[in-house]
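Asker: Sharing my_file-v5.txt (compact mmCIF, C-alpha atoms) below.
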```
# COMPACT_ATOMS: atom_id res chain seq x y z
CA MET A 16 23.85 -42.55 -16.67
CA LEU A 17 21.64 -43.74 -13.80
CA GLY A 18 24.59 -43.46 -11.44
CA LEU A 19 25.24 -39.87 -12.54
CA GLY A 20 21.55 -39.07 -12.04
CA LEU A 21 21.63 -40.42 -8.49
CA ILE A 22 24.79 -38.48 -7.73
CA GLY A 23 23.22 -35.35 -9.17
CA GLY A 24 20.10 -35.88 -7.11
CA ALA A 25 22.12 -36.35 -3.94
CA ALA A 26 24.06 -33.20 -4.65
CA ALA A 27 20.88 -31.27 -5.30
CA GLY A 28 19.41 -32.47 -2.01
CA SER A 29 22.56 -31.46 -0.15
CA TRP A 30 22.62 -27.99 -1.70
CA LEU A 31 18.92 -27.49 -0.98
CA ALA A 32 19.39 -28.51 2.65
CA GLU A 33 22.29 -26.11 3.04
CA ASP A 34 20.26 -23.33 1.40
CA HIS A 35 17.36 -24.01 3.78
CA GLU A 36 19.61 -23.87 6.83
CA SER A 37 21.23 -20.66 5.61
CA SER A 38 17.86 -19.01 4.90
CA ALA A 39 16.47 -20.06 8.27
CA ALA A 40 19.53 -18.71 10.07
CA GLN A 41 19.28 -15.41 8.18
CA GLY A 42 15.58 -15.11 9.00
CA PHE A 43 16.22 -15.80 12.69
CA ALA A 44 19.03 -13.24 12.81
CA ALA A 45 16.89 -10.64 11.01
CA ALA A 46 14.20 -10.91 13.65
CA ALA A 47 16.46 -10.09 16.61
CA PRO A 48 16.77 -6.31 16.00
CA ALA A 49 13.22 -5.92 14.68
CA TRP A 50 11.99 -4.46 17.98
CA HIS A 51 13.75 -1.18 17.13
CA ASN A 52 14.01 -1.50 13.33
CA VAL A 53 10.32 -2.04 12.63
CA PRO A 54 7.71 0.72 13.25
CA VAL A 55 5.27 -0.06 16.03
CA ASP A 56 2.32 0.32 13.65
CA THR A 57 3.70 -2.57 11.62
CA PHE A 58 3.52 -4.94 14.56
CA PHE A 59 0.50 -3.34 16.23
CA PRO A 60 -1.57 -1.48 13.62
CA PRO A 61 -4.42 0.79 14.73
CA VAL A 62 -6.94 -1.69 13.35
CA VAL A 63 -6.50 -5.45 12.93
CA THR A 64 -8.96 -7.55 10.95
CA GLY A 65 -9.25 -11.29 11.29
CA GLY A 66 -11.27 -13.14 8.71
CA GLY A 67 -12.88 -16.19 10.32
CA GLU A 68 -11.13 -15.62 13.66
CA GLY A 69 -14.32 -15.38 15.73
CA PRO A 70 -16.67 -18.06 17.09
CA GLY A 71 -18.11 -20.18 14.31
CA GLY A 72 -15.73 -18.65 11.80
CA ALA A 73 -17.10 -15.12 12.20
CA ASP A 74 -14.92 -12.22 11.14
CA ARG A 75 -13.27 -10.09 13.79
CA THR A 76 -12.05 -6.50 13.95
CA TRP A 77 -9.88 -5.17 16.77
CA THR A 78 -9.06 -1.53 17.46
CA ARG A 79 -5.91 -0.54 19.27
CA VAL A 80 -6.55 1.52 22.41
CA ALA A 81 -3.03 1.74 23.85
CA VAL A 82 0.62 0.94 23.17
CA ALA A 83 2.84 0.34 26.17
CA PRO A 84 6.17 2.15 26.36
CA ASP A 85 8.83 -0.33 25.33
CA GLY A 86 10.91 -1.44 28.25
CA GLY A 87 11.93 -4.33 30.45
CA CYS A 88 10.21 -7.65 30.59
CA ALA A 89 9.67 -8.77 34.18
CA ASP A 90 6.61 -6.60 34.84
CA GLY A 91 4.80 -8.05 31.84
CA PHE A 92 4.44 -11.54 33.30
CA ASP A 93 3.44 -13.37 36.44
CA PRO A 94 6.58 -14.02 38.52
CA LEU A 95 6.67 -17.76 37.84
CA LEU A 96 6.20 -17.24 34.11
CA TRP A 97 9.00 -14.70 34.02
CA LYS A 98 11.21 -17.16 35.90
CA VAL A 99 10.68 -19.63 33.05
CA LEU A 100 11.22 -17.04 30.32
CA ALA A 101 14.20 -15.32 31.96
CA ASP A 102 16.60 -18.07 30.83
CA ALA A 103 16.03 -16.90 27.26
CA GLY A 104 16.93 -13.34 28.20
CA CYS A 105 15.15 -10.11 27.39
CA ARG A 106 16.00 -7.69 24.62
CA ARG A 107 12.70 -5.85 24.72
CA LEU A 108 9.02 -6.37 25.43
CA LEU A 109 6.52 -4.73 23.09
CA ARG A 110 2.84 -4.63 24.09
CA ALA A 111 -0.41 -3.16 22.88
CA THR A 112 -4.00 -3.46 24.04
CA TYR A 113 -6.99 -3.81 21.72
CA THR A 114 -10.75 -3.90 22.04
CA ASP A 115 -13.25 -5.66 19.84
CA ALA A 116 -15.76 -3.85 17.60
CA THR A 117 -18.39 -3.79 20.35
CA GLN A 118 -15.90 -2.76 23.07
CA SER A 119 -17.06 -5.76 25.09
CA TYR A 120 -13.63 -7.38 25.36
CA VAL A 121 -10.07 -6.19 25.80
CA THR A 122 -6.91 -8.02 24.82
CA THR A 123 -3.27 -7.26 25.46
CA VAL A 124 -0.95 -8.78 22.89
CA GLY A 125 2.80 -8.89 23.37
CA LEU A 126 6.07 -9.67 21.61
CA LEU A 127 8.92 -10.68 23.90
CA PHE A 128 12.19 -10.37 22.00
CA THR A 129 14.65 -12.71 23.71
CA LYS A 130 18.43 -13.04 23.59
CA ALA A 131 18.30 -16.75 22.84
CA ASP A 132 19.84 -18.44 19.82
CA PRO A 133 17.91 -21.01 17.73
CA ALA A 134 18.90 -23.84 20.06
CA GLY A 135 17.74 -21.84 23.07
CA MET A 136 14.37 -21.05 21.52
CA SER A 137 13.92 -24.67 20.51
CA ALA A 138 14.67 -25.79 24.06
CA LEU A 139 12.21 -23.24 25.46
CA ALA A 140 9.50 -24.34 23.03
CA THR A 141 10.09 -27.97 23.96
CA ARG A 142 9.80 -27.16 27.65
CA PHE A 143 6.52 -25.31 27.13
CA ARG A 144 5.15 -28.19 25.07
CA THR A 145 6.23 -31.13 27.23
CA GLN A 146 5.45 -29.48 30.57
CA HIS A 147 2.21 -27.86 29.34
CA LEU A 148 3.37 -24.51 30.69
CA ALA A 149 1.08 -22.48 28.42
CA GLU A 150 -1.91 -24.08 30.14
CA ARG A 151 -1.06 -23.15 33.74
CA PRO A 152 -3.04 -20.25 35.27
CA ASP A 153 -0.08 -19.39 37.52
CA LEU A 154 2.01 -18.76 34.39
CA MET A 155 0.03 -15.99 32.72
CA PRO A 156 1.08 -12.81 30.95
CA ARG A 157 -0.11 -9.57 32.48
CA PRO A 158 -2.40 -7.09 30.72
CA TYR A 159 -1.50 -3.53 29.85
CA ALA A 160 -4.20 -1.17 31.10
CA ALA A 161 -4.26 2.47 30.01
CA ARG A 162 -6.22 5.29 31.58
CA ASN A 163 -9.19 6.77 29.77
CA THR A 164 -9.55 3.75 27.49
CA PRO A 165 -11.90 0.74 27.48
CA ALA A 166 -8.98 -1.19 29.02
CA ALA A 167 -8.60 1.12 32.04
CA GLY A 168 -9.87 -1.56 34.42
CA PHE A 169 -8.01 -4.47 32.81
CA GLY A 170 -5.86 -5.76 35.66
CA ASP A 171 -4.53 -9.10 36.79
CA ASP A 172 -7.84 -10.09 38.38
CA GLN A 173 -9.68 -9.42 35.10
CA ARG A 174 -7.66 -11.92 33.06
CA ALA A 175 -10.03 -14.52 31.64
CA THR A 176 -8.06 -16.38 28.97
CA TRP A 177 -4.62 -16.35 27.40
CA THR A 178 -2.30 -17.93 24.86
CA ILE A 179 1.48 -18.14 24.65
CA SER A 180 3.50 -19.20 21.60
CA VAL A 181 7.27 -19.71 21.70
CA ARG A 182 8.60 -19.16 18.19
CA THR A 183 11.47 -21.26 16.88
CA ASP A 184 11.94 -19.31 13.62
CA ALA A 185 12.63 -16.10 15.55
CA PRO A 186 13.84 -15.16 19.05
CA VAL A 187 10.35 -14.07 20.00
CA VAL A 188 7.57 -15.21 22.33
CA VAL A 189 4.11 -14.12 21.13
CA TYR A 190 1.26 -13.96 23.60
CA ALA A 191 -2.17 -12.52 24.26
CA VAL A 192 -4.37 -12.22 27.33
CA SER A 193 -8.05 -11.26 27.21
CA GLY A 194 -10.81 -10.17 29.57
CA TRP A 195 -14.16 -8.39 29.70
CA ALA A 196 -14.11 -4.63 29.19
CA ASP A 197 -16.55 -4.04 32.05
CA GLY A 198 -13.83 -4.86 34.57
CA ARG A 199 -15.41 -7.99 36.02
CA SER A 200 -13.10 -10.25 38.01
CA VAL A 201 -12.48 -13.81 36.87
CA ASP A 202 -12.07 -16.57 39.44
CA THR A 203 -11.00 -19.31 37.05
CA PRO A 204 -9.00 -18.21 33.99
CA GLN A 205 -8.96 -20.69 31.12
CA PRO A 206 -6.35 -21.22 28.40
CA ALA A 207 -7.60 -20.04 25.02
CA ALA A 208 -6.89 -23.48 23.53
CA ASP A 209 -9.46 -24.97 25.93
CA ALA A 210 -11.96 -22.15 25.51
CA VAL A 211 -12.18 -22.63 21.74
CA ARG A 212 -12.68 -26.38 21.83
CA ALA A 213 -15.95 -27.72 20.48
CA GLY A 214 -18.43 -28.31 23.27
CA ALA A 215 -16.72 -26.01 25.79
CA THR A 216 -19.29 -24.42 28.10
CA THR A 217 -17.28 -21.99 30.24
CA ALA A 218 -18.00 -18.27 30.20
CA GLN A 219 -14.82 -17.75 28.19
CA ALA A 220 -15.99 -20.25 25.61
CA GLN A 221 -19.56 -19.03 25.39
CA SER A 222 -18.53 -15.38 25.08
CA GLY A 223 -15.83 -16.02 22.47
CA LEU A 224 -13.01 -14.67 24.63
CA GLY A 225 -10.83 -17.62 23.71
CA ASP A 226 -11.20 -16.65 20.07
CA GLU A 227 -10.23 -13.08 20.96
CA ALA A 228 -6.92 -14.12 22.48
CA ARG A 229 -6.09 -16.78 19.93
CA GLY A 230 -7.20 -14.76 16.91
CA LEU A 231 -5.41 -11.53 17.76
CA SER A 232 -2.25 -13.36 18.80
CA GLY A 233 -2.25 -15.22 15.49
CA GLN A 234 -2.70 -12.01 13.53
CA ILE A 235 0.22 -10.32 15.30
CA ALA A 236 2.40 -13.40 14.81
CA ARG A 237 1.73 -13.25 11.07
CA ARG A 238 2.62 -9.58 11.00
CA LEU A 239 5.88 -10.43 12.76
CA ARG A 240 6.73 -13.03 10.13
CA ARG A 241 5.99 -10.61 7.30
CA ALA A 242 7.98 -7.84 8.94
CA VAL A 243 11.18 -9.80 9.38
CA GLY A 244 10.85 -11.86 6.23
CA SER A 245 10.06 -15.51 5.81
CA ALA A 246 12.66 -18.02 6.94
CA ALA A 247 11.49 -20.47 4.29
CA PRO A 248 14.17 -21.25 1.68
CA ASN A 249 13.85 -19.80 -1.77
CA THR A 250 15.15 -22.80 -3.66
CA THR A 251 14.17 -21.56 -7.10
CA SER A 252 17.31 -19.49 -7.58
CA ALA A 253 19.45 -22.31 -6.27
CA LEU A 254 17.92 -24.76 -8.72
CA ASN A 255 18.31 -22.36 -11.65
CA SER A 256 21.95 -21.89 -10.78
CA MET A 257 22.49 -25.63 -10.55
CA SER A 258 20.84 -26.17 -13.94
CA ALA A 259 23.07 -23.57 -15.57
CA THR A 260 26.32 -24.89 -14.14
CA ASN A 261 25.80 -28.66 -14.17
CA SER A 262 25.29 -30.92 -17.17
CA VAL A 263 23.72 -33.67 -15.05
CA SER A 264 19.95 -33.24 -14.75
CA ALA A 265 18.69 -32.81 -11.22
CA PRO A 266 15.40 -34.41 -10.09
CA ASP A 267 12.16 -32.42 -10.23
CA VAL A 268 11.82 -30.74 -6.83
CA THR A 269 9.13 -28.20 -7.72
CA SER A 270 6.45 -29.92 -5.68
CA ALA A 271 8.79 -30.29 -2.71
CA THR A 272 9.72 -26.62 -2.93
CA ASN A 273 6.07 -25.56 -2.99
CA ALA A 274 5.28 -27.83 -0.07
CA THR A 275 8.14 -26.31 1.91
CA LYS A 276 6.82 -22.82 1.25
CA ARG A 277 3.30 -23.79 2.29
CA SER A 278 4.47 -25.44 5.48
CA SER A 279 6.42 -22.38 6.55
```
Please express the file's structure as structure tokens.
Answerer:
Amino acid sequence: MLGLGLIGGAAAGSWLAEDHESSAAQGFAAAAPAWHNVPVDTFFPPVVTGGGEGPGGADRTWTRVAVAPDGGCADGFDPLLWKVLADAGCRRLLRATYTDATQSYVTTVGLLFTKADPAGMSALATRFRTQHLAERPDLMPRPYAARNTPAAGFGDDQRATWTISVRTDAPVVVYAVSGWADGRSVDTPQPAADAVRAGATTAQAQSGLGDEARGLSGQIARRLRRAVGSAAPNTTSALNSMSATNSVSAPDVTSATNATKRSS
């Protein structure tokens, strides 16, 4: 009986792995056409709230001031950054600009929908991680400034901090770039990851601009995941089906299933 139990457990593990791969592939594929299937207000709502996203865990509220016309990708990035991203291809670039509740800061957040497959996105993510590309000030996204808004003066010289995240569960690069709403120029931009570190003393850190970029980017990334559906496997139905069709008891995988859901 022990042998049958081990065989049943191995089979269950194999089926669960296959189900996970299938669900992940379906989630990745579902994200590709989302740029024209999902309403812009779903990705970029008029108001975004971020509980605990500000300095010291303060709550944040951002108000949308402009949505860029959807279009090509090259103009949305510094030339060297676009050279890196171009290998993944461009389906569409979606952008919107927000201001904080006090209209002191402005942030452009973007979703670059690429043409890459899962392997291509994984390779791009690895390159960004190993070469620290998201930390280079010559590889920054560009802001979207709109007339007659608090972001009217938000140009390349006003960029203070930024963050870039290459997704591997979707063919999407999520980014944000922030600056002061008064139009001041910034001589030394700083990655948001550095600006939010404990003990950081730069103007970006002291003002909370790093939190602006990181917090809003994270909120939009979560909206993306919800919009296209989670790629995490739903193993409950698979386990129920296995229990109904097999007389050999499978091992208890409830905790593993819950852990998988939490990690996704």
Asker: Near stretch 135-151 of chain A, counting all atoms listed in the file, which residues have an atom at most 6 Å away, once you skip same-chain residues fewer than 4 positions from it, shown as a ChimeraX atom specification?
Answerer: /A:131,179,181,183,206
Asker: One decimal, Å: what's the distance from atom CA of A:Gln173 over to atom CA of A:Trp195, could you say?
Answerer: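 Pair atom CA of A:Gln173 / atom CA of A:Trp195 returns 7.1 Å.
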Asker: Show me, as JSON, the centre and edge lengths in Å to one decimal of the axis-aligned box that covers every listed atom of stretch 129-134 of chain A with 6 Å on each side.
Answerer:
```
{"center_x": 17.2, "center_y": -18.3, "center_z": 20.7, "size_x": 17.2, "size_y": 23.1, "size_z": 18.0}
```
Asker: Looking at all atoms listed in the file, which of A:Ala45, A:Ala101, A:Ala83, A:Leu109 is the one that sits closest to A:Arg240?
Answerer: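 Among A:Ala45, A:Ala101, A:Ala83, A:Leu109, it is A:Ala45 that comes nearest to A:Arg240.
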Asker: Would you mind listing, for every residue of stretch 175-196 of chain A within 10 Å of stretch 114-117 of chain A, the two atoms forming the shortest contact and the distance between them in Å to one decimal, using all atoms listed in the file, sorted by chain and ascending residue number, as JSON lines?
Answerer:
```
{"residue": "A:Ser193", "atom": "CA", "partner": "A:Thr114", "partner_atom": "CA", "distance": 9.4}
{"residue": "A:Gly194", "atom": "CA", "partner": "A:Thr114", "partner_atom": "CA", "distance": 9.8}
{"residue": "A:Trp195", "atom": "CA", "partner": "A:Thr114", "partner_atom": "CA", "distance": 9.5}
{"residue": "A:Ala196", "atom": "CA", "partner": "A:Thr114", "partner_atom": "CA", "distance": 7.9}
```
Asker: Between atom CA of A:Ala228 and atom CA of A:Thr178, what is the distance in Å, rounded to a tenth?
Answerer: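 One can read the atom CA of A:Ala228 to atom CA of A:Thr178 distance as 6.4 Å.
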Asker: Fewer than 6 positions away in the same chain doesn't count, so skip those; otherwise give me all residues within 12 Å of A:Thr164, counting only C-alpha atoms, as a PDB file with C-alpha atoms, keeping the file's coordinate frame.
Answerer:
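File part_6.pdb, as written:
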```pdb
ATOM      1  CA  THR A  78      -9.060  -1.530  17.460  1.00  0.00           C
ATOM      2  CA  ARG A  79      -5.910  -0.540  19.270  1.00  0.00           C
ATOM      3  CA  VAL A  80      -6.550   1.520  22.410  1.00  0.00           C
ATOM      4  CA  ALA A  81      -3.030   1.740  23.850  1.00  0.00           C
ATOM      5  CA  VAL A  82       0.620   0.940  23.170  1.00  0.00           C
ATOM      6  CA  THR A 112      -4.000  -3.460  24.040  1.00  0.00           C
ATOM      7  CA  TYR A 113      -6.990  -3.810  21.720  1.00  0.00           C
ATOM      8  CA  THR A 114     -10.750  -3.900  22.040  1.00  0.00           C
ATOM      9  CA  GLN A 118     -15.900  -2.760  23.070  1.00  0.00           C
ATOM     10  CA  VAL A 121     -10.070  -6.190  25.800  1.00  0.00           C
ATOM     11  CA  ALA A 196     -14.110  -4.630  29.190  1.00  0.00           C
ATOM     12  CA  ASP A 197     -16.550  -4.040  32.050  1.00  0.00           C
ATOM     13  CA  GLY A 198     -13.830  -4.860  34.570  1.00  0.00           C
TER      14      GLY A 198
END
```
Asker: What does the structure give for the distance between atom CA of A:Gly223 and atom CA of A:Phe169, in Å to one decimal?
Answerer: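 Distance between the two atoms: 17.4 Å.
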